[in-house]
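Shown here: work07.cif, mmCIF, C-alpha atoms.
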```cif
data_protein
loop_
_atom_site.label_atom_id
_atom_site.label_comp_id
_atom_site.auth_asym_id
_atom_site.auth_seq_id
_atom_site.Cartn_x
_atom_site.Cartn_y
_atom_site.Cartn_z
CA MET A 780 0.20 -12.10 8.04
CA SER A 781 2.70 -9.73 6.50
CA GLY A 782 3.74 -6.47 8.13
CA SER A 783 3.57 -4.98 11.58
CA ALA A 784 1.53 -6.13 14.56
CA ILE A 785 0.67 -3.04 16.62
CA LEU A 786 -1.51 -0.14 15.53
CA VAL A 787 -0.67 3.11 17.29
CA LEU A 788 -3.80 5.27 17.51
CA SER A 789 -3.73 8.30 19.80
CA PRO A 790 -6.75 8.96 22.06
CA PRO A 791 -7.77 12.12 20.10
CA LEU A 792 -7.81 10.16 16.82
CA ALA A 793 -9.73 7.28 18.43
CA GLU A 794 -12.19 9.87 19.73
CA GLN A 795 -12.58 11.32 16.21
CA ILE A 796 -13.50 7.85 14.91
CA ARG A 797 -16.01 7.40 17.75
CA ALA A 798 -17.50 10.85 17.06
CA HIS A 799 -17.85 10.06 13.34
CA GLY A 800 -19.63 6.80 14.21
CA ALA A 801 -22.02 8.61 16.57
CA GLU A 802 -22.63 11.37 14.01
CA THR A 803 -23.71 8.99 11.23
CA TYR A 804 -25.71 6.64 13.53
CA PRO A 805 -27.88 4.68 12.70
CA ASN A 806 -25.81 4.47 9.52
CA GLU A 807 -22.24 3.25 9.23
CA CYS A 808 -19.43 5.78 8.95
CA CYS A 809 -16.18 5.16 7.10
CA GLY A 810 -12.82 6.74 6.43
CA ALA A 811 -9.13 6.21 5.80
CA LEU A 812 -6.29 5.91 8.31
CA LEU A 813 -3.29 7.94 7.16
CA GLY A 814 0.03 7.12 8.75
CA ARG A 815 3.32 5.31 8.62
CA ASP A 816 4.07 1.61 8.60
CA GLY A 817 7.09 0.29 10.49
CA GLU A 818 8.57 -3.17 11.04
CA SER A 819 6.80 -3.84 14.33
CA TRP A 820 4.27 -1.02 14.54
CA ARG A 821 2.03 1.10 12.38
CA GLU A 822 1.17 4.62 13.48
CA VAL A 823 -1.97 6.52 12.47
CA LYS A 824 -1.15 10.22 12.15
CA GLU A 825 -4.36 11.55 10.65
CA LEU A 826 -7.84 10.50 9.59
CA PHE A 827 -9.49 11.10 6.23
CA PRO A 828 -13.26 10.81 6.84
CA LEU A 829 -15.26 9.68 3.82
CA VAL A 830 -18.92 9.49 2.82
CA ASN A 831 -20.50 6.05 2.99
CA ARG A 832 -21.48 5.52 -0.65
CA ARG A 833 -23.66 2.50 0.11
CA GLY A 834 -26.95 4.37 -0.36
CA ASP A 835 -29.18 1.27 -0.48
CA SER A 836 -28.19 -0.19 2.91
CA PRO A 837 -26.07 2.31 4.88
CA GLY A 838 -27.18 0.91 8.26
CA ASN A 839 -25.26 -2.31 7.87
CA ARG A 840 -22.95 -1.76 4.91
CA PHE A 841 -20.33 0.78 3.86
CA SER A 842 -18.67 1.38 0.56
CA ILE A 843 -15.64 3.47 -0.47
CA THR A 844 -15.46 3.97 -4.22
CA PRO A 845 -12.25 3.85 -6.28
CA GLU A 846 -12.55 7.64 -6.66
CA ASP A 847 -12.68 8.10 -2.88
CA PHE A 848 -9.84 5.61 -2.52
CA ARG A 849 -7.72 7.71 -4.88
CA ALA A 850 -8.65 10.89 -2.99
CA ALA A 851 -7.47 9.28 0.27
CA GLU A 852 -4.20 8.17 -1.35
CA GLN A 853 -3.68 11.66 -2.75
CA ALA A 854 -4.32 13.23 0.68
CA ALA A 855 -1.82 10.82 2.25
CA ARG A 856 0.83 11.59 -0.39
CA GLU A 857 0.41 15.35 0.16
CA ARG A 858 1.12 14.82 3.86
CA GLY A 859 4.07 12.48 3.29
CA LEU A 860 2.03 9.58 4.68
CA ASP A 861 0.47 6.34 3.42
CA VAL A 862 -3.04 4.98 3.63
CA VAL A 863 -2.39 2.28 6.24
CA GLY A 864 -5.98 1.21 6.81
CA TRP A 865 -9.65 2.02 7.00
CA TYR A 866 -12.23 2.54 9.72
CA HIS A 867 -15.95 2.00 9.85
CA SER A 868 -18.70 1.70 12.46
CA HIS A 869 -21.05 -1.13 13.38
CA PRO A 870 -24.30 0.48 14.59
CA ASP A 871 -25.85 -1.60 17.38
CA HIS A 872 -23.40 -4.38 16.69
CA PRO A 873 -20.07 -5.43 18.26
CA PRO A 874 -16.76 -4.32 16.68
CA LEU A 875 -16.17 -7.77 15.23
CA PRO A 876 -15.58 -8.27 11.50
CA SER A 877 -18.53 -9.83 9.73
CA GLU A 878 -18.33 -12.45 7.00
CA TYR A 879 -19.14 -9.63 4.59
CA ASP A 880 -16.18 -7.64 5.99
CA ARG A 881 -13.90 -10.64 5.43
CA GLU A 882 -15.09 -11.35 1.90
CA HIS A 883 -14.40 -7.75 0.87
CA ALA A 884 -11.18 -7.15 2.79
CA TRP A 885 -7.74 -6.46 1.43
CA PRO A 886 -4.62 -7.84 3.09
CA TRP A 887 -2.07 -5.59 4.80
CA TYR A 888 -4.51 -2.82 5.74
CA SER A 889 -5.63 -2.23 9.35
CA TYR A 890 -9.41 -2.37 9.66
CA VAL A 891 -10.60 -0.38 12.67
CA ILE A 892 -14.20 -1.03 13.70
CA VAL A 893 -16.08 0.96 16.32
CA SER A 894 -19.38 -0.23 17.76
CA VAL A 895 -22.08 2.40 18.24
CA GLU A 896 -25.01 1.59 20.53
CA LYS A 897 -28.00 3.91 20.56
CA ASN A 898 -25.96 6.87 19.34
CA GLN A 899 -23.11 6.23 21.80
CA ALA A 900 -19.78 5.01 20.44
CA LYS A 901 -18.44 2.12 22.50
CA GLN A 902 -15.66 -0.36 21.90
CA LEU A 903 -13.04 0.14 19.19
CA ARG A 904 -10.92 -2.69 17.82
CA SER A 905 -8.55 -3.23 14.91
CA TRP A 906 -8.17 -6.24 12.64
CA ARG A 907 -5.94 -7.50 9.84
CA LEU A 908 -6.90 -10.04 7.18
CA ALA A 909 -4.86 -13.26 7.34
CA ASP A 910 -2.75 -14.08 4.27
CA ASP A 911 -5.04 -16.98 3.34
CA ARG A 912 -8.12 -14.67 3.48
CA MET A 913 -9.84 -17.19 5.77
CA ARG A 914 -10.09 -15.02 8.89
CA PHE A 915 -9.35 -11.68 10.49
CA VAL A 916 -6.60 -11.49 13.09
CA PRO A 917 -6.96 -9.04 16.02
CA GLU A 918 -4.43 -6.20 15.89
CA GLU A 919 -3.23 -4.67 19.15
CA VAL A 920 -4.17 -1.00 19.45
CA ALA A 921 -1.72 1.14 21.44
CA VAL A 922 -2.32 4.76 22.43
CA GLU A 923 1.27 5.84 21.84
CA LEU A 924 4.38 4.72 20.03
CA ARG A 925 6.98 3.21 22.35
CA LEU A 926 10.27 2.57 20.61
CA PRO A 927 12.98 0.68 22.52
CA ALA A 928 15.35 3.67 22.04
CA ALA A 929 12.79 6.05 23.55
CA ARG A 930 12.33 3.78 26.58
CA GLU A 931 16.09 3.57 27.03
CA ALA A 932 16.49 7.36 26.80
CA SER A 933 13.75 7.97 29.36
CA SER A 934 15.22 5.42 31.81
CA ASN A 935 18.62 7.18 31.64
CA ARG A 936 17.17 10.51 32.69
CA MET B 1380 3.16 -4.93 -26.21
CA THR B 1381 5.01 -3.74 -23.16
CA VAL B 1382 2.59 -2.55 -20.50
CA LYS B 1383 3.11 -1.37 -16.95
CA VAL B 1384 0.96 -2.85 -14.18
CA ILE B 1385 0.65 -0.64 -11.09
CA ILE B 1386 0.31 -2.73 -7.92
CA PRO B 1387 -1.64 -1.19 -5.00
CA THR B 1388 0.08 -0.89 -1.60
CA PRO B 1389 -1.77 -3.80 0.11
CA LEU B 1390 -0.67 -6.23 -2.59
CA ARG B 1391 2.98 -5.18 -2.78
CA PRO B 1392 4.09 -7.56 -0.01
CA TYR B 1393 2.89 -10.39 -2.29
CA ALA B 1394 4.65 -8.99 -5.38
CA GLY B 1395 8.24 -8.72 -4.24
CA LYS B 1396 7.46 -5.28 -2.71
CA GLN B 1397 7.35 -3.80 -6.22
CA GLU B 1398 5.18 -0.78 -7.01
CA SER B 1399 4.83 -1.79 -10.66
CA LEU B 1400 5.81 -4.44 -13.10
CA ASP B 1401 6.46 -4.30 -16.85
CA CYS B 1402 5.26 -7.19 -18.93
CA ASN B 1403 4.44 -8.16 -22.49
CA ALA B 1404 0.72 -8.72 -22.98
CA LYS B 1405 -1.83 -8.23 -25.74
CA THR B 1406 -4.80 -7.89 -23.39
CA VAL B 1407 -5.45 -6.71 -19.84
CA GLY B 1408 -6.36 -10.26 -18.82
CA GLU B 1409 -3.07 -11.60 -20.17
CA ALA B 1410 -1.13 -8.98 -18.20
CA LEU B 1411 -2.96 -9.84 -14.97
CA HIS B 1412 -2.39 -13.56 -15.52
CA LYS B 1413 1.32 -12.94 -16.10
CA LEU B 1414 1.39 -11.05 -12.81
CA THR B 1415 -0.29 -13.87 -10.89
CA SER B 1416 1.89 -16.48 -12.63
CA GLN B 1417 4.97 -14.67 -11.40
CA PHE B 1418 3.55 -13.97 -7.94
CA GLY B 1419 1.20 -16.83 -7.09
CA GLU B 1420 0.07 -15.38 -3.76
CA LEU B 1421 -1.62 -12.48 -5.57
CA GLU B 1422 -4.16 -14.74 -7.24
CA LYS B 1423 -6.48 -15.28 -4.27
CA HIS B 1424 -6.62 -11.55 -3.61
CA LEU B 1425 -7.48 -10.65 -7.22
CA TYR B 1426 -9.62 -13.58 -8.35
CA THR B 1427 -12.51 -15.59 -6.89
CA ASP B 1428 -12.22 -19.38 -6.68
CA ASP B 1429 -13.98 -19.66 -10.04
CA GLY B 1430 -11.49 -17.34 -11.72
CA ARG B 1431 -13.45 -14.07 -11.90
CA ILE B 1432 -11.91 -10.75 -10.87
CA ARG B 1433 -13.23 -9.97 -7.36
CA SER B 1434 -15.98 -7.35 -7.23
CA PHE B 1435 -13.92 -4.94 -5.09
CA VAL B 1436 -10.92 -5.12 -7.45
CA ASN B 1437 -11.11 -2.37 -10.05
CA VAL B 1438 -8.86 -2.54 -13.07
CA TYR B 1439 -8.14 0.53 -15.18
CA LEU B 1440 -6.43 0.68 -18.56
CA ASN B 1441 -4.85 4.11 -18.42
CA ASP B 1442 -7.84 6.06 -16.99
CA GLU B 1443 -10.67 3.81 -18.17
CA ASP B 1444 -12.36 1.18 -16.01
CA ILE B 1445 -12.13 -2.04 -18.06
CA ARG B 1446 -15.76 -2.85 -17.10
CA TYR B 1447 -16.71 -0.14 -19.61
CA LEU B 1448 -14.28 -1.43 -22.24
CA GLU B 1449 -13.92 -5.10 -23.19
CA LYS B 1450 -13.23 -6.21 -19.62
CA GLU B 1451 -10.29 -8.64 -19.46
CA LYS B 1452 -10.31 -8.96 -23.25
CA THR B 1453 -9.50 -5.25 -23.58
CA GLN B 1454 -6.55 -4.95 -25.94
CA THR B 1455 -3.43 -3.12 -24.89
CA LYS B 1456 -0.91 -1.12 -26.83
CA ASP B 1457 2.73 -0.36 -26.18
CA GLY B 1458 3.24 1.98 -23.22
CA ASP B 1459 -0.22 1.45 -21.67
CA THR B 1460 -0.60 1.47 -17.90
CA ILE B 1461 -2.86 -0.97 -16.09
CA SER B 1462 -3.83 0.08 -12.55
CA ILE B 1463 -5.35 -2.16 -9.90
CA VAL B 1464 -7.44 0.16 -7.69
CA PRO B 1465 -9.23 -1.14 -4.58
CA SER B 1466 -12.80 -0.47 -3.56
CA ILE B 1467 -13.23 -0.77 0.20
CA ALA B 1468 -16.41 -2.29 1.55
CA GLY B 1469 -17.80 -4.09 4.56
CA GLY B 1470 -20.41 -3.81 7.24
CA ALA B 1471 -22.04 -5.39 10.26
CA ALA B 1472 -23.35 -8.95 10.06
CA ARG B 1473 -27.09 -8.40 9.74
#
```

Let's see the structure in the file written out as structure tokens.
Amino acid sequence: MSGSAILVLSPPLAEQIRAHGAETYPNECCGALLGRDGESWREVKELFPLVNRRGDSPGNRFSITPEDFRAAEQAARERGLDVVGWYHSHPDHPPLPSEYDREHAWPWYSYVIVSVEKNQAKQLRSWRLADDRMRFVPEEVAVELRLPAAREASSNR
Amino acid sequence: MTVKVIIPTPLRPYAGKQESLDCNAKTVGEALHKLTSQFGELEKHLYTDDGRIRSFVNVYLNDEDIRYLEKEKTQTKDGDTISIVPSIAGGAAR
């Protein structure tokens, strides 16, 4: 898998994803993760909530059109950020990628999934597609960015 | 015909980290095949095993979706831009 291995997602942003999932329940929510990609970490700085365009089966499918994709990229550019991934909810289903998720996934992006049970958002996990497209790999989610330099500075205080 | 192919962020790691590539091609399909010939790892992300462009891969010639033109047989002219634009989809396993 190319790229970084840790997704930094602050508690308020994680809470926003959970709230979006609860709001659209029993349908799936979706949106873009705007942030910065580093060598060993990827930090989400902002969310860009989107409308699930999958009108025929919104309870177990989500769809982000090319137009919405471009809007998310534009929003990221305006903020000096990149689209580093996407989030969606699994109503009454665990936050594990489905076969359908895998078949439609792009490499490199972080895919955050939140499970929502009976209107209550529960577990949140992040995944990255393996280079060979055969599976998703779990991505560690950290609540804050911890750079070695920052740790060193704080230990010298 | 020299055309520019814009590579989306998630595919750049498989294309020498380039944002775009210039190539000589008479059709959109020829340009995409030149891209995957040069960067073999891109092929599985753009095409299905039976050689069709994946459903969530959208290809635009300038601002037109090639599905509404002649698809991969759409002819190009000098200075055209081909953009690969993702759709994002998924959902729970039910």

Do you know which residues the PyMOL selection byres ((chain B) within 8 of (chain A)) returns on this file, as an MDAnalysis selection string?
chainID B and resid 1389:1390 1392 1423:1424 1435 1437 1464:1473

Run through the PyMOL selection byres ((chain A and resi 855) around 12) on the given coordinates and return the selected residues as an MDAnalysis selection string.
chainID A and resid 811:815 823:827 848:854 856:864

Target residues per the PyMOL selection byres ((chain A and resi 817) around 10), formatted as a PDB file with C-alpha atoms, keeping the file's coordinate frame:
```
ATOM      1  CA  GLY A 782       3.740  -6.470   8.130  1.00  0.00           C
ATOM      2  CA  SER A 783       3.570  -4.980  11.580  1.00  0.00           C
ATOM      3  CA  ALA A 784       1.530  -6.130  14.560  1.00  0.00           C
ATOM      4  CA  ILE A 785       0.670  -3.040  16.620  1.00  0.00           C
ATOM      5  CA  LEU A 786      -1.510  -0.140  15.530  1.00  0.00           C
ATOM      6  CA  GLY A 814       0.030   7.120   8.750  1.00  0.00           C
ATOM      7  CA  ARG A 815       3.320   5.310   8.620  1.00  0.00           C
ATOM      8  CA  ASP A 816       4.070   1.610   8.600  1.00  0.00           C
ATOM      9  CA  GLU A 818       8.570  -3.170  11.040  1.00  0.00           C
ATOM     10  CA  SER A 819       6.800  -3.840  14.330  1.00  0.00           C
ATOM     11  CA  TRP A 820       4.270  -1.020  14.540  1.00  0.00           C
ATOM     12  CA  ARG A 821       2.030   1.100  12.380  1.00  0.00           C
ATOM     13  CA  GLU A 822       1.170   4.620  13.480  1.00  0.00           C
TER      14      GLU A 822
END
```

Correct to one decimal, the distance CA of Ile1385 (chain B)-CA of Glu1449 (chain B) is 19.5 Å

Between CA of Ile1386 (chain B) and CA of Lys1456 (chain B), what is the spacing in Å?
19.0 Å

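Of note, CA of Arg797 (chain A) and CA of Gln902 (chain A) are spaced 8.8 Å apart.
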
Neighbourhood query: residues within 9 Å of (-2.5, 3.6, -14.9), file coordinates, counting only C-alpha atoms; return as a PyMOL selection string.
chain B and resi 1383-1385+1439-1443+1459-1463

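Considering the residues A:Ala793, A:Ser889, A:Lys897, A:Leu903 and counting all atoms listed in the file, Val916 (chain A) has its shortest atom-to-atom contact with A:Ser889.
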
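Those residues that approach region 1407-1415 of chain B to within 8 Å, counting only C-alpha atoms, are B:Val1382, B:Val1384, B:Leu1400, B:Cys1402, B:Asn1403, B:Ala1404, B:Phe1418, B:Gly1419, B:Glu1420, B:Leu1421, B:Glu1422, B:Leu1440, B:Lys1450, B:Glu1451, B:Lys1452, B:Thr1453, B:Gln1454, B:Thr1455, B:Ile1461; same-chain residues fewer than 3 positions away are not listed.
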
Just write the chosen residues, C-alpha atoms, as a PDB file, in the coordinates of the input.
```pdb
ATOM      1  CA  VAL B1382       2.590  -2.550 -20.500  1.00  0.00           C
ATOM      2  CA  VAL B1384       0.960  -2.850 -14.180  1.00  0.00           C
ATOM      3  CA  LEU B1400       5.810  -4.440 -13.100  1.00  0.00           C
ATOM      4  CA  CYS B1402       5.260  -7.190 -18.930  1.00  0.00           C
ATOM      5  CA  ASN B1403       4.440  -8.160 -22.490  1.00  0.00           C
ATOM      6  CA  ALA B1404       0.720  -8.720 -22.980  1.00  0.00           C
ATOM      7  CA  PHE B1418       3.550 -13.970  -7.940  1.00  0.00           C
ATOM      8  CA  GLY B1419       1.200 -16.830  -7.090  1.00  0.00           C
ATOM      9  CA  GLU B1420       0.070 -15.380  -3.760  1.00  0.00           C
ATOM     10  CA  LEU B1421      -1.620 -12.480  -5.570  1.00  0.00           C
ATOM     11  CA  GLU B1422      -4.160 -14.740  -7.240  1.00  0.00           C
ATOM     12  CA  LEU B1440      -6.430   0.680 -18.560  1.00  0.00           C
ATOM     13  CA  LYS B1450     -13.230  -6.210 -19.620  1.00  0.00           C
ATOM     14  CA  GLU B1451     -10.290  -8.640 -19.460  1.00  0.00           C
ATOM     15  CA  LYS B1452     -10.310  -8.960 -23.250  1.00  0.00           C
ATOM     16  CA  THR B1453      -9.500  -5.250 -23.580  1.00  0.00           C
ATOM     17  CA  GLN B1454      -6.550  -4.950 -25.940  1.00  0.00           C
ATOM     18  CA  THR B1455      -3.430  -3.120 -24.890  1.00  0.00           C
ATOM     19  CA  ILE B1461      -2.860  -0.970 -16.090  1.00  0.00           C
TER      20      ILE B1461
END
```
